[in-house]
>>> print(open('start_32.cif').read())   # mmCIF, C-alpha atoms
data_start
loop_
_atom_site.label_atom_id
_atom_site.label_comp_id
_atom_site.auth_asym_id
_atom_site.auth_seq_id
_atom_site.Cartn_x
_atom_site.Cartn_y
_atom_site.Cartn_z
CA MET A 24 32.30 32.62 -24.77
CA TYR A 25 34.38 30.98 -27.49
CA PHE A 26 32.68 29.22 -30.35
CA PRO A 27 35.48 27.70 -32.48
CA GLY A 28 35.09 24.23 -30.93
CA ILE A 29 31.35 24.20 -31.55
CA ILE A 30 31.81 25.49 -35.10
CA VAL A 31 34.43 22.86 -35.95
CA GLY A 32 32.41 20.11 -34.26
CA ALA A 33 29.28 21.03 -36.21
CA ALA A 34 31.25 21.19 -39.47
CA VAL A 35 32.82 17.77 -38.87
CA PHE A 36 29.40 16.34 -38.06
CA LEU A 37 28.10 17.69 -41.38
CA ILE A 38 31.15 16.46 -43.31
CA ILE A 39 30.74 12.93 -41.96
CA GLY A 40 27.00 13.05 -42.63
CA ILE A 41 27.62 14.12 -46.22
CA CYS A 42 30.47 11.68 -46.89
CA HIS A 43 28.52 8.58 -45.83
CA PRO A 44 25.88 8.72 -48.59
CA ILE A 45 28.52 9.84 -51.11
CA VAL A 46 30.52 6.66 -50.45
CA ILE A 47 27.38 4.53 -50.82
CA LYS A 48 26.47 6.18 -54.15
CA MET A 49 30.04 5.99 -55.46
CA GLU A 50 30.19 2.25 -54.79
CA TYR A 51 26.73 1.75 -56.29
CA TYR A 52 27.47 3.53 -59.57
CA TRP A 53 31.23 3.06 -60.07
CA GLY A 54 32.33 0.37 -57.61
CA LYS A 55 35.50 0.36 -55.59
CA LYS A 56 37.54 1.54 -58.57
CA SER A 57 36.32 5.06 -57.71
CA TRP A 58 38.50 5.21 -54.58
CA TRP A 59 40.98 7.52 -56.29
CA ILE A 60 38.35 10.29 -56.50
CA LEU A 61 38.20 10.38 -52.70
CA GLY A 62 42.00 10.23 -52.52
CA LEU A 63 42.35 13.15 -54.90
CA ALA A 64 39.69 15.19 -53.08
CA GLY A 65 41.40 14.46 -49.76
CA LEU A 66 44.79 15.47 -51.13
CA ILE A 67 43.41 18.73 -52.55
CA LEU A 68 41.62 19.60 -49.31
CA ALA A 69 44.75 18.80 -47.27
CA ILE A 70 46.93 21.01 -49.46
CA ILE A 71 44.43 23.87 -49.35
CA SER A 72 44.23 23.57 -45.55
CA LEU A 73 47.99 24.17 -45.37
CA PHE A 74 47.63 27.60 -46.97
CA VAL A 75 44.49 28.92 -45.26
CA LYS A 76 45.39 31.33 -42.47
CA ASN A 77 42.07 31.10 -40.60
CA ILE A 78 42.50 28.29 -38.06
CA ILE A 79 38.81 27.34 -38.06
CA VAL A 80 38.57 27.08 -41.85
CA SER A 81 41.93 25.27 -42.03
CA THR A 82 40.77 22.77 -39.41
CA ILE A 83 37.49 22.14 -41.23
CA LEU A 84 39.35 21.61 -44.52
CA GLY A 85 41.71 19.18 -42.78
CA ALA A 86 38.75 17.29 -41.32
CA GLY A 87 37.22 17.11 -44.79
CA ALA A 88 40.51 15.80 -46.19
CA PHE A 89 40.77 13.01 -43.66
CA SER A 90 37.09 12.17 -44.05
CA CYS A 91 37.83 11.62 -47.74
CA PHE A 92 40.83 9.45 -46.84
CA TRP A 93 38.63 7.40 -44.51
CA GLY A 94 36.07 7.19 -47.34
CA ILE A 95 38.63 5.18 -49.34
CA HIS A 96 38.48 2.47 -46.69
CA GLU A 97 34.70 2.73 -46.60
CA ILE A 98 34.37 2.23 -50.38
CA PHE A 99 36.03 -1.19 -50.05
CA SER A 100 33.96 -2.01 -46.96
CA GLN A 101 30.81 -0.90 -48.77
CA GLU A 102 31.46 -3.41 -51.53
CA MET A 103 31.58 -6.16 -48.92
CA ARG A 104 28.31 -4.90 -47.41
CA VAL A 105 26.70 -5.05 -50.85
CA LEU A 106 28.05 -8.55 -51.46
CA ARG A 107 26.58 -9.69 -48.14
CA GLY A 108 23.20 -8.24 -49.14
CA TRP A 109 23.19 -5.49 -46.52
CA PHE A 110 22.91 -2.78 -49.21
CA PRO A 111 21.31 -2.94 -52.66
CA GLU A 112 23.50 -3.79 -55.61
CA ASN A 113 23.44 -1.98 -58.91
CA PRO A 114 21.62 -4.28 -61.39
CA ALA A 115 23.90 -3.00 -64.16
CA ARG A 116 26.85 -4.49 -62.26
CA LYS A 117 25.23 -7.83 -61.36
CA GLU A 118 27.81 -9.92 -63.25
CA TYR A 119 30.63 -8.23 -61.33
CA TYR A 120 28.96 -8.87 -57.96
CA ASP A 121 28.25 -12.49 -58.89
CA SER A 122 31.88 -13.08 -59.86
CA ARG A 123 33.06 -11.47 -56.61
CA ARG A 124 30.74 -13.73 -54.61
CA ARG A 125 32.31 -16.78 -56.28
CA GLU A 126 35.79 -15.47 -55.41
CA LEU A 127 34.89 -14.85 -51.75
CA PRO A 128 33.32 -17.95 -50.20
CA ASP A 129 33.37 -16.58 -46.62
CA LEU A 130 30.98 -13.69 -47.22
CA GLY A 131 28.68 -14.74 -44.41
CA LYS A 132 31.41 -14.24 -41.84
CA HIS A 133 32.11 -10.94 -40.18
CA PRO A 134 35.47 -9.53 -41.37
CA SER A 135 36.91 -9.55 -37.86
CA HIS A 136 36.28 -13.31 -37.61
CA THR A 137 38.08 -14.37 -40.78
CA ASN A 138 41.53 -14.50 -39.16
CA LEU A 139 40.52 -16.53 -36.12
CA LYS A 140 41.71 -20.11 -35.91
CA LYS A 141 39.02 -22.73 -35.76
CA LYS A 142 38.56 -24.18 -32.30
CA THR A 143 38.92 -27.90 -32.06
CA ALA A 144 36.99 -30.05 -29.64
CA PHE A 145 38.91 -32.43 -27.38
#
>>> encode(input="start_32.cif", output="structure tokens")
Amino acid sequence: MYFPGIIVGAAVFLIIGICHPIVIKMEYYWGKKSWWILGLAGLILAIISLFVKNIIVSTILGAGAFSCFWGIHEIFSQEMRVLRGWFPENPARKEYYDSRRRELPDLGKHPSHTNLKKKTAF
């Protein structure tokens, strides 16, 4: 039997499970301006993965890198979730959230619906 697929799959599962709460906490404490931390971590992991000879470890490092890159997108999405009230906002950043709510009047709409044209009745 060969276990590399199971090992990589389990590692990716753990990486995703760890990254999700990290993104939530980063947005809570620092806001979306902390995206560069994930970008830097992803870049470092990607570079390290290029020099590791063990294919399993290299693959896991690459998966970690791209999970960090995806986390950049999630930081911005997490801010929108907070603004919609789906996640708690940091009381120390209440003024920021209030100003963002004034800037974004369509917060109640799902992001995929914002580009749809309004249907007109005949």
>>> closest_residue(input="start_32.cif", among="A:Ile45, A:Met103, A:Ile98, A:Leu130", to="A:Ser57", atoms="all atoms listed in the file")
A:Ile98
>>> resolve_selection(input="start_32.cif", expression="the PyMOL selection byres ((chain A and resi 87) around 8)", output="PyMOL selection string")
chain A and resi 35+38+65+68+83-86+88-91
>>> write_last_selection(input="start_32.cif", atoms="C-alpha atoms", output="PDB file, in the coordinates of the input")
ATOM      1  CA  VAL A  35      32.820  17.770 -38.870  1.00  0.00           C
ATOM      2  CA  ILE A  38      31.150  16.460 -43.310  1.00  0.00           C
ATOM      3  CA  GLY A  65      41.400  14.460 -49.760  1.00  0.00           C
ATOM      4  CA  LEU A  68      41.620  19.600 -49.310  1.00  0.00           C
ATOM      5  CA  ILE A  83      37.490  22.140 -41.230  1.00  0.00           C
ATOM      6  CA  LEU A  84      39.350  21.610 -44.520  1.00  0.00           C
ATOM      7  CA  GLY A  85      41.710  19.180 -42.780  1.00  0.00           C
ATOM      8  CA  ALA A  86      38.750  17.290 -41.320  1.00  0.00           C
ATOM      9  CA  ALA A  88      40.510  15.800 -46.190  1.00  0.00           C
ATOM     10  CA  PHE A  89      40.770  13.010 -43.660  1.00  0.00           C
ATOM     11  CA  SER A  90      37.090  12.170 -44.050  1.00  0.00           C
ATOM     12  CA  CYS A  91      37.830  11.620 -47.740  1.00  0.00           C
TER      13      CYS A  91
END
>>> resolve_selection(input="start_32.cif", expression="the PyMOL selection byres ((chain A and resi 95) around 9)", output="JSON, numbers by chain")
{"A": [46, 55, 57, 58, 59, 60, 61, 62, 90, 91, 92, 93, 94, 96, 97, 98, 99, 100]}
>>> atom_distance(input="start_32.cif", atom1="atom CA of A:Gly28", atom2="atom CA of A:Ile70")
22.2 Å
>>> atom_distance(input="start_32.cif", atom1="atom CA of A:Ala33", atom2="atom CA of A:Gln101")
25.3 Å
>>> closest_residue(input="start_32.cif", among="A:Met24, A:Leu73, A:Leu127, A:Ala115", to="A:Tyr52", atoms="all atoms listed in the file")
A:Ala115
>>> closest_residue(input="start_32.cif", among="A:Ile47, A:Val31, A:Cys42, A:Leu37", to="A:Trp109", atoms="all atoms listed in the file")
A:Ile47
>>> axis_aligned_box(input="start_32.cif", around="stretch 88-98 of chain A", padding_each_side="6 Å", output="JSON")
{"center_x": 37.6, "center_y": 9.0, "center_z": -47.0, "size_x": 18.5, "size_y": 25.6, "size_z": 18.7}
>>> closest_residue(input="start_32.cif", among="A:Gly40, A:Ile67, A:Met49, A:Asn77", to="A:Pro27", atoms="only C-alpha atoms")
A:Asn77
>>> atom_distance(input="start_32.cif", atom1="atom CA of A:Gly54", atom2="atom CA of A:Asn113")
9.3 Å
>>> closest_residue(input="start_32.cif", among="A:Glu50, A:Phe36, A:Pro114, A:Arg107", to="A:Pro128", atoms="only C-alpha atoms")
A:Arg107
>>> closest_residue(input="start_32.cif", among="A:Ile41, A:Ile79, A:Ala64, A:Lys48", to="A:Ile29", atoms="only C-alpha atoms")
A:Ile79
>>> decode(input="start_32.cif", residues="stretch 58-109 of chain A", atoms="C-alpha atoms", output="mmCIF file, in the first residue's frame")
data_model
loop_
_atom_site.group_PDB
_atom_site.id
_atom_site.type_symbol
_atom_site.label_atom_id
_atom_site.label_comp_id
_atom_site.auth_asym_id
_atom_site.auth_seq_id
_atom_site.Cartn_x
_atom_site.Cartn_y
_atom_site.Cartn_z
ATOM 1 C CA TRP A 58 -3.627 40.627 3.824
ATOM 2 C CA TRP A 59 0.080 41.098 3.170
ATOM 3 C CA ILE A 60 0.952 38.785 6.085
ATOM 4 C CA LEU A 61 -0.793 35.925 4.291
ATOM 5 C CA GLY A 62 0.860 36.934 1.015
ATOM 6 C CA LEU A 63 4.296 36.918 2.603
ATOM 7 C CA ALA A 64 3.671 33.585 4.349
ATOM 8 C CA GLY A 65 2.443 32.096 1.065
ATOM 9 C CA LEU A 66 5.471 33.379 -0.810
ATOM 10 C CA ILE A 67 7.870 31.989 1.805
ATOM 11 C CA LEU A 68 6.156 28.592 1.829
ATOM 12 C CA ALA A 69 6.146 28.476 -1.986
ATOM 13 C CA ILE A 70 9.862 29.268 -2.172
ATOM 14 C CA ILE A 71 10.716 26.702 0.500
ATOM 15 C CA SER A 72 8.647 24.077 -1.344
ATOM 16 C CA LEU A 73 10.847 24.595 -4.423
ATOM 17 C CA PHE A 74 13.955 23.505 -2.524
ATOM 18 C CA VAL A 75 12.619 20.568 -0.491
ATOM 19 C CA LYS A 76 13.553 17.268 -2.112
ATOM 20 C CA ASN A 77 10.912 15.148 -0.371
ATOM 21 C CA ILE A 78 7.863 15.187 -2.662
ATOM 22 C CA ILE A 79 5.360 14.770 0.180
ATOM 23 C CA VAL A 80 6.792 17.625 2.251
ATOM 24 C CA SER A 81 7.169 19.817 -0.849
ATOM 25 C CA THR A 82 3.547 19.166 -1.794
ATOM 26 C CA ILE A 83 2.316 19.992 1.710
ATOM 27 C CA LEU A 84 4.339 23.222 1.723
ATOM 28 C CA GLY A 85 2.885 24.142 -1.674
ATOM 29 C CA ALA A 86 -0.624 23.454 -0.398
ATOM 30 C CA GLY A 87 0.090 25.670 2.603
ATOM 31 C CA ALA A 88 1.363 28.409 0.284
ATOM 32 C CA PHE A 89 -1.749 28.401 -1.855
ATOM 33 C CA SER A 90 -3.990 28.208 1.202
ATOM 34 C CA CYS A 91 -2.332 31.439 2.346
ATOM 35 C CA PHE A 92 -2.896 32.977 -1.094
ATOM 36 C CA TRP A 93 -6.568 31.966 -0.925
ATOM 37 C CA GLY A 94 -6.673 33.455 2.588
ATOM 38 C CA ILE A 95 -5.987 36.878 1.033
ATOM 39 C CA HIS A 96 -9.296 36.614 -0.817
ATOM 40 C CA GLU A 97 -10.989 35.351 2.338
ATOM 41 C CA ILE A 98 -9.786 38.318 4.424
ATOM 42 C CA PHE A 99 -11.662 40.687 2.093
ATOM 43 C CA SER A 100 -14.701 38.394 2.050
ATOM 44 C CA GLN A 101 -14.582 38.141 5.839
ATOM 45 C CA GLU A 102 -14.856 41.911 6.140
ATOM 46 C CA MET A 103 -18.042 41.775 4.080
ATOM 47 C CA ARG A 104 -19.395 38.987 6.305
ATOM 48 C CA VAL A 105 -18.712 41.145 9.361
ATOM 49 C CA LEU A 106 -20.372 44.163 7.753
ATOM 50 C CA ARG A 107 -23.457 42.066 7.018
ATOM 51 C CA GLY A 108 -23.566 40.951 10.657
ATOM 52 C CA TRP A 109 -22.736 37.317 9.962
#
